[in-house]
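Student: Supplied structure: my_file_35.csv, CSV, C-alpha atoms.
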chain,number,residue,atom,x,y,z
A,41,MET,CA,-9.7,-23.5,-16.5
A,42,SER,CA,-12.5,-26.0,-16.8
A,43,SER,CA,-14.8,-23.6,-18.5
A,44,SER,CA,-14.4,-20.7,-20.8
A,45,GLU,CA,-17.0,-18.9,-18.7
A,46,GLU,CA,-14.8,-18.9,-15.6
A,47,VAL,CA,-12.6,-16.0,-14.9
A,48,SER,CA,-8.9,-16.4,-14.2
A,49,TRP,CA,-7.7,-16.6,-10.6
A,50,ILE,CA,-5.9,-13.3,-11.1
A,51,THR,CA,-9.0,-11.5,-12.3
A,52,TRP,CA,-11.0,-13.1,-9.5
A,53,PHE,CA,-8.5,-12.1,-6.8
A,54,CYS,CA,-8.2,-8.5,-8.0
A,55,GLY,CA,-12.0,-8.2,-8.1
A,56,LEU,CA,-12.4,-9.2,-4.4
A,57,ARG,CA,-13.7,-6.5,-2.1
A,58,GLY,CA,-10.7,-4.9,-0.4
A,59,ASN,CA,-8.3,-5.8,-3.3
A,60,GLU,CA,-8.9,-2.7,-5.3
A,61,TYR,CA,-5.3,-1.5,-4.9
A,62,PHE,CA,-4.0,-4.5,-6.9
A,63,CYS,CA,-3.6,-4.5,-10.6
A,64,GLU,CA,-3.8,-7.6,-12.8
A,65,ILE,CA,-0.3,-9.0,-13.4
A,66,ASP,CA,0.3,-10.3,-16.9
A,67,GLU,CA,0.6,-14.0,-16.9
A,68,ASP,CA,3.7,-13.8,-19.2
A,69,TYR,CA,5.5,-11.9,-16.4
A,70,ILE,CA,4.6,-14.6,-13.8
A,71,GLN,CA,5.6,-17.4,-16.2
A,72,ASP,CA,9.1,-15.9,-16.5
A,73,LYS,CA,11.1,-17.7,-13.7
A,74,PHE,CA,13.6,-14.8,-13.6
A,75,ASN,CA,10.9,-12.5,-12.3
A,76,LEU,CA,10.2,-14.9,-9.4
A,77,THR,CA,13.8,-15.3,-8.2
A,78,GLY,CA,14.0,-15.9,-4.5
A,79,LEU,CA,10.3,-16.0,-3.8
A,80,ASN,CA,10.3,-19.8,-3.4
A,81,ASP,CA,12.2,-19.2,-0.1
A,82,GLN,CA,9.6,-16.7,1.2
A,83,VAL,CA,6.4,-18.4,0.4
A,84,PRO,CA,5.3,-21.8,1.8
A,85,HIS,CA,3.8,-24.3,-0.7
A,86,TYR,CA,5.4,-22.2,-3.4
A,87,GLN,CA,4.8,-24.5,-6.4
A,88,GLN,CA,1.1,-25.2,-5.5
A,89,ALA,CA,0.6,-21.4,-4.9
A,90,LEU,CA,2.1,-20.6,-8.3
A,91,ASP,CA,-0.1,-23.2,-10.0
A,92,THR,CA,-3.1,-21.7,-8.3
A,93,ILE,CA,-2.3,-18.3,-9.7
A,94,LEU,CA,-1.8,-19.6,-13.2
A,95,ASP,CA,-5.0,-21.8,-13.0
A,96,ILE,CA,-3.1,-25.1,-13.3
A,97,GLU,CA,-5.2,-27.9,-11.8
A,98,PRO,CA,-3.4,-29.9,-9.0
A,99,GLU,CA,-2.5,-33.4,-10.0
A,100,ASP,CA,-2.2,-34.7,-6.4
A,101,GLU,CA,-5.5,-35.2,-4.7
A,102,GLU,CA,-3.9,-34.5,-1.4
A,103,GLU,CA,-3.4,-30.9,-2.4
A,104,ASN,CA,-7.1,-30.4,-2.6
A,105,HIS,CA,-7.3,-31.1,1.1
A,106,GLN,CA,-4.9,-28.2,1.7
A,107,SER,CA,-6.8,-25.8,-0.4
A,108,ASP,CA,-7.1,-23.1,2.3
A,109,ILE,CA,-3.4,-23.2,3.1
A,110,VAL,CA,-2.5,-23.1,-0.6
A,111,GLU,CA,-4.9,-20.3,-1.2
A,112,GLN,CA,-3.3,-18.2,1.5
A,113,ALA,CA,0.1,-18.9,0.0
A,114,ALA,CA,-1.1,-18.0,-3.4
A,115,GLU,CA,-2.3,-14.6,-2.1
A,116,MET,CA,1.0,-14.0,-0.5
A,117,LEU,CA,2.9,-15.0,-3.6
A,118,TYR,CA,0.8,-12.8,-5.8
A,119,GLY,CA,1.4,-9.9,-3.5
A,120,LEU,CA,5.2,-10.3,-3.6
A,121,ILE,CA,5.1,-10.7,-7.4
A,122,HIS,CA,2.9,-7.6,-7.5
A,123,ALA,CA,5.5,-5.5,-5.7
A,124,ARG,CA,8.0,-6.3,-8.4
A,125,TYR,CA,5.6,-6.1,-11.3
A,126,ILE,CA,4.5,-2.5,-10.5
A,127,LEU,CA,8.1,-1.3,-11.0
A,128,THR,CA,8.0,-2.4,-14.6
A,129,ASN,CA,6.8,-0.2,-17.5
A,130,ARG,CA,3.7,-2.3,-17.9
A,131,GLY,CA,2.9,-2.4,-14.2
A,132,ILE,CA,3.5,1.3,-13.8
A,133,ALA,CA,1.1,2.0,-16.7
A,134,GLN,CA,-1.6,0.0,-15.1
A,135,MET,CA,-1.2,1.5,-11.7
A,136,PHE,CA,-1.0,5.0,-13.3
A,137,GLU,CA,-4.4,4.5,-14.8
A,138,LYS,CA,-5.9,3.6,-11.4
A,139,TYR,CA,-4.1,6.6,-9.9
A,140,GLN,CA,-5.6,9.0,-12.4
A,141,ALA,CA,-9.0,7.5,-11.8
A,142,GLY,CA,-8.7,8.0,-8.1
A,143,ASP,CA,-8.9,4.3,-7.3
A,144,PHE,CA,-6.5,4.7,-4.4
A,145,GLY,CA,-8.4,7.6,-2.8
A,146,TYR,CA,-7.6,11.3,-2.2
A,147,CYS,CA,-5.4,13.1,0.4
A,148,PRO,CA,-7.4,14.1,3.5
A,149,ARG,CA,-5.2,17.2,4.0
A,150,VAL,CA,-7.2,20.3,3.3
A,151,TYR,CA,-4.5,22.2,1.4
A,152,CYS,CA,-3.8,19.2,-0.9
A,153,GLU,CA,-7.2,19.9,-2.5
A,154,ASN,CA,-8.2,16.2,-3.1
A,155,GLN,CA,-4.9,15.1,-4.6
A,156,GLN,CA,-5.0,11.5,-5.7
A,157,MET,CA,-2.8,9.2,-3.7
A,158,LEU,CA,-0.8,6.0,-4.3
A,159,PRO,CA,-0.3,2.8,-2.3
A,160,ILE,CA,3.0,2.4,-0.5
A,161,GLY,CA,4.6,0.1,2.0
A,162,LEU,CA,6.6,1.2,5.0
A,163,SER,CA,8.7,-1.9,4.8
A,164,ASP,CA,9.6,-4.4,2.0
A,165,VAL,CA,9.5,-7.2,4.5
A,166,PRO,CA,6.2,-9.2,4.6
A,167,GLY,CA,4.3,-9.0,7.9
A,168,GLU,CA,5.9,-5.8,9.2
A,169,ALA,CA,3.3,-3.1,8.2
A,170,MET,CA,0.0,-2.8,6.4
A,171,VAL,CA,-0.3,-0.7,3.2
A,172,LYS,CA,-0.5,3.1,3.5
A,173,LEU,CA,-1.3,5.8,1.0
A,174,TYR,CA,1.2,8.3,-0.2
A,175,CYS,CA,0.3,11.8,-1.3
A,176,PRO,CA,2.7,13.2,-3.9
A,177,LYS,CA,1.7,16.7,-3.1
A,178,CYS,CA,2.5,16.9,0.7
A,179,CYS,CA,4.8,13.9,0.5
A,180,ASP,CA,3.2,12.4,3.6
A,181,VAL,CA,1.6,9.0,4.2
A,182,TYR,CA,-1.9,8.1,5.5
A,183,THR,CA,-3.9,5.2,6.7
A,184,PRO,CA,-6.5,4.0,4.1
A,185,LYS,CA,-9.9,5.5,4.8
A,186,SER,CA,-11.7,2.2,4.4
A,187,SER,CA,-11.1,-0.6,6.9
A,188,ARG,CA,-11.4,-3.2,4.2
A,189,HIS,CA,-7.9,-2.2,3.0
A,190,ASN,CA,-6.3,-2.6,6.4
A,191,HIS,CA,-5.5,-6.3,5.9
A,192,ILE,CA,-3.3,-5.7,2.9
A,193,ASP,CA,0.4,-6.1,3.5
A,194,GLY,CA,2.5,-3.1,2.6
A,195,SER,CA,5.3,-5.2,1.1
A,196,TYR,CA,2.9,-6.0,-1.7
A,197,TYR,CA,3.6,-2.5,-3.0
A,198,GLY,CA,7.0,-1.8,-1.6
A,199,THR,CA,8.7,1.3,-0.3
A,200,GLY,CA,9.7,2.7,-3.6
A,201,PHE,CA,6.7,2.4,-6.0
A,202,PRO,CA,5.3,6.0,-5.9
A,203,HIS,CA,8.8,7.4,-6.4
A,204,MET,CA,9.4,5.1,-9.4
A,205,LEU,CA,6.1,6.1,-10.9
A,206,PHE,CA,7.1,9.8,-10.8
A,207,MET,CA,10.6,9.0,-12.1
A,208,VAL,CA,8.9,7.6,-15.2
A,209,HIS,CA,6.2,10.3,-15.3
A,210,PRO,CA,7.9,13.4,-13.8
A,211,GLU,CA,5.4,15.6,-15.6
A,212,TYR,CA,2.6,14.3,-13.4
A,213,ARG,CA,4.2,15.0,-10.1
A,214,PRO,CA,2.1,17.8,-8.5
A,215,LYS,CA,3.6,20.9,-7.1
A,216,ARG,CA,3.9,21.3,-3.3
A,217,PRO,CA,1.1,23.2,-1.7
A,218,SER,CA,1.6,26.9,-1.8
A,219,VAL,CA,-0.5,27.4,1.3
A,220,GLN,CA,0.4,26.1,4.7
A,221,PHE,CA,-1.9,26.0,7.8
A,222,VAL,CA,-0.9,28.7,10.3
A,223,PRO,CA,-2.3,28.3,13.9
A,224,ARG,CA,-3.8,31.6,15.2
A,225,LEU,CA,-5.4,32.8,18.4
A,226,TYR,CA,-7.5,36.0,18.3
A,227,GLY,CA,-6.2,36.5,14.8
A,228,PHE,CA,-2.5,36.4,15.8
A,229,LYS,CA,0.0,33.8,14.8
A,230,ILE,CA,1.0,31.6,17.7
A,231,HIS,CA,4.7,32.1,18.4
A,232,PRO,CA,6.9,28.9,18.6
A,233,MET,CA,7.9,29.9,22.1
A,234,ALA,CA,4.3,29.4,23.2
A,235,TYR,CA,4.5,25.7,22.4
A,236,ARG,CA,7.7,25.4,24.4
A,237,ILE,CA,6.1,27.1,27.4
A,238,GLN,CA,3.1,24.7,27.1
A,239,GLU,CA,5.4,21.7,27.0
A,240,GLN,CA,7.3,22.9,30.1
A,241,ALA,CA,4.0,23.5,32.0
A,242,ALA,CA,2.7,20.1,31.0
A,243,ASN,CA,5.9,18.4,32.2
A,244,LYS,CA,5.7,20.3,35.5
A,245,GLN,CA,2.1,19.2,36.0
A,246,LYS,CA,3.0,15.5,35.3
A,247,THR,CA,5.9,15.7,37.8
A,248,VAL,CA,3.6,17.1,40.5
A,249,ALA,CA,1.0,14.5,39.8
A,250,HIS,CA,3.6,11.7,39.9
A,251,ASN,CA,4.9,12.9,43.2
A,252,ASN,CA,1.4,13.2,44.7
A,253,ASN,CA,0.7,9.6,43.7
A,254,LYS,CA,3.8,8.4,45.6
A,255,ARG,CA,2.5,9.9,48.9
Produce structure tokens that represent the structure in this file.
Tutor:
Amino acid sequence: MSSSEEVSWITWFCGLRGNEYFCEIDEDYIQDKFNLTGLNDQVPHYQQALDTILDIEPEDEEENHQSDIVEQAAEMLYGLIHARYILTNRGIAQMFEKYQAGDFGYCPRVYCENQQMLPIGLSDVPGEAMVKLYCPKCCDVYTPKSSRHNHIDGSYYGTGFPHMLFMVHPEYRPKRPSVQFVPRLYGFKIHPMAYRIQEQAANKQKTVAHNNNKR
């Protein structure tokens, strides 16, 4: 860095509004080439992106003219490294602190009683799905409440992170809710047969409507 007063790229990136789900990856982890195996084939401008993350100034002046492209590549590379880092002991410890502090939000399900959630990807392939939130109590996934998190790629957390965290800390996995919501009408439980009758009636009405439109 050109000045001791400047923050590192990693600290700057994780401090951006909307990036609250990221933790700060140790630079020692990033500098170990073994941890980055295969990422050079997934990220364009790989070396420039890596230099950006590690605060290494570009030697080629032409790279400065591609700053926006390189910055996007750096964000993608950081995200893919992040998905690997949070499966390590150090990464799990950092994310666990954020989990306990409620940084990832709370489950909206009533009977989960404000259970903290964890970020999760529905795919490990970049570009397929945005990040979701996993509730370890009801074991379901939800869309983040704030729209500022809707741009984060789910592959930056991976499909297995929450499960790895509770493999390491099984004592912190919450028990499944003892109470389940039961639909009632006039105080009586609605029989499953009622739903089947409703579905049949709905299908019949759709068929009638379709036939009428043909006339």
Student: Between A:Asn80, A:Gln106, A:Thr199, A:Gln245, which is the closest to Gly161 in chain A once you count only C-alpha atoms?
Tutor: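 Using only C-alpha atoms, the shortest distance to Gly161 in chain A belongs to A:Thr199.
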Student: Which distance in Å separates CA of Asp91 in chain A and CA of Ala113 in chain A, to one decimal?
Tutor: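 So the two atoms, CA of Asp91 in chain A and CA of Ala113 in chain A, lie 10.9 Å apart.
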Student: So what do you get for CA of Pro84 in chain A versus CA of Asn129 in chain A, distance-wise?
Tutor: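 We find that CA of Pro84 in chain A and CA of Asn129 in chain A lie 29.0 Å from each other.
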Student: When you count only C-alpha atoms, which of these residues is closest to Pro214 in chain A: A:Gln238, A:Lys229, A:Gln155, A:Thr183?
Tutor: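 Comparing A:Gln238, A:Lys229, A:Gln155, A:Thr183 against Pro214 in chain A, the winner is A:Gln155.
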Student: Find the spatial neighbours of Ile121 in chain A, counting all atoms listed in the file, within a cut-off of 8 Å - ignore same-chain residues fewer than 2 positions away - and output them as a count of residues only.
Tutor: 10
Student: Please indicate the distance in Å from CA of Trp49 in chain A to CA of Asp66 in chain A, rounded to one decimal place.
Tutor: 12.0 Å
Student: Would you pick out the contacts of Phe221 in chain A at 12 Å or less, using all atoms listed in the file, so that residues sharing its chain but fewer than 6 positions from it are not included, and give the list as a PDB file with C-alpha atoms, keeping the file's coordinate frame?
Tutor:
ATOM      1  CA  ARG A 149      -5.200  17.200   4.000  1.00  0.00           C
ATOM      2  CA  VAL A 150      -7.200  20.300   3.300  1.00  0.00           C
ATOM      3  CA  TYR A 151      -4.500  22.200   1.400  1.00  0.00           C
ATOM      4  CA  CYS A 152      -3.800  19.200  -0.900  1.00  0.00           C
ATOM      5  CA  LYS A 229       0.000  33.800  14.800  1.00  0.00           C
ATOM      6  CA  ILE A 230       1.000  31.600  17.700  1.00  0.00           C
TER       7      ILE A 230
END
Student: Compile the contact shell of range 173-178 of chain A as a ChimeraX atom specification: residues with an atom at most 12 Å away, counting only C-alpha atoms, same-chain residues fewer than 2 positions apart removed.
Tutor: /A:61,139,142-162,170-171,180-186,189-190,192,194,197-206,210,212-220
Student: Calculated over only C-alpha atoms, which of the candidates A:Glu64, A:Glu111, A:Glu168, A:Glu46 has the smallest distance to Gln134 in chain A?
Tutor: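 Among A:Glu64, A:Glu111, A:Glu168, A:Glu46, it is A:Glu64 that comes nearest to Gln134 in chain A.
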Student: Which is closest to Leu56 in chain A among A:Gln140, A:Ile96, A:Val110, A:Glu115, if we use all atoms listed in the file?
Tutor: A:Glu115
Student: Pick from A:Val248, A:Leu120, A:Leu225, A:Ala242: nearest to Asp164 in chain A, with all atoms listed in the file counted?
Tutor: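 Using all atoms listed in the file, Asp164 in chain A sits closest to A:Leu120.
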Student: Using all atoms listed in the file, which of A:Val222, A:Cys54, A:Ala114, A:Cys63 sits nearest Leu79 in chain A?
Tutor: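 Smallest separation from Leu79 in chain A among the options: A:Ala114.
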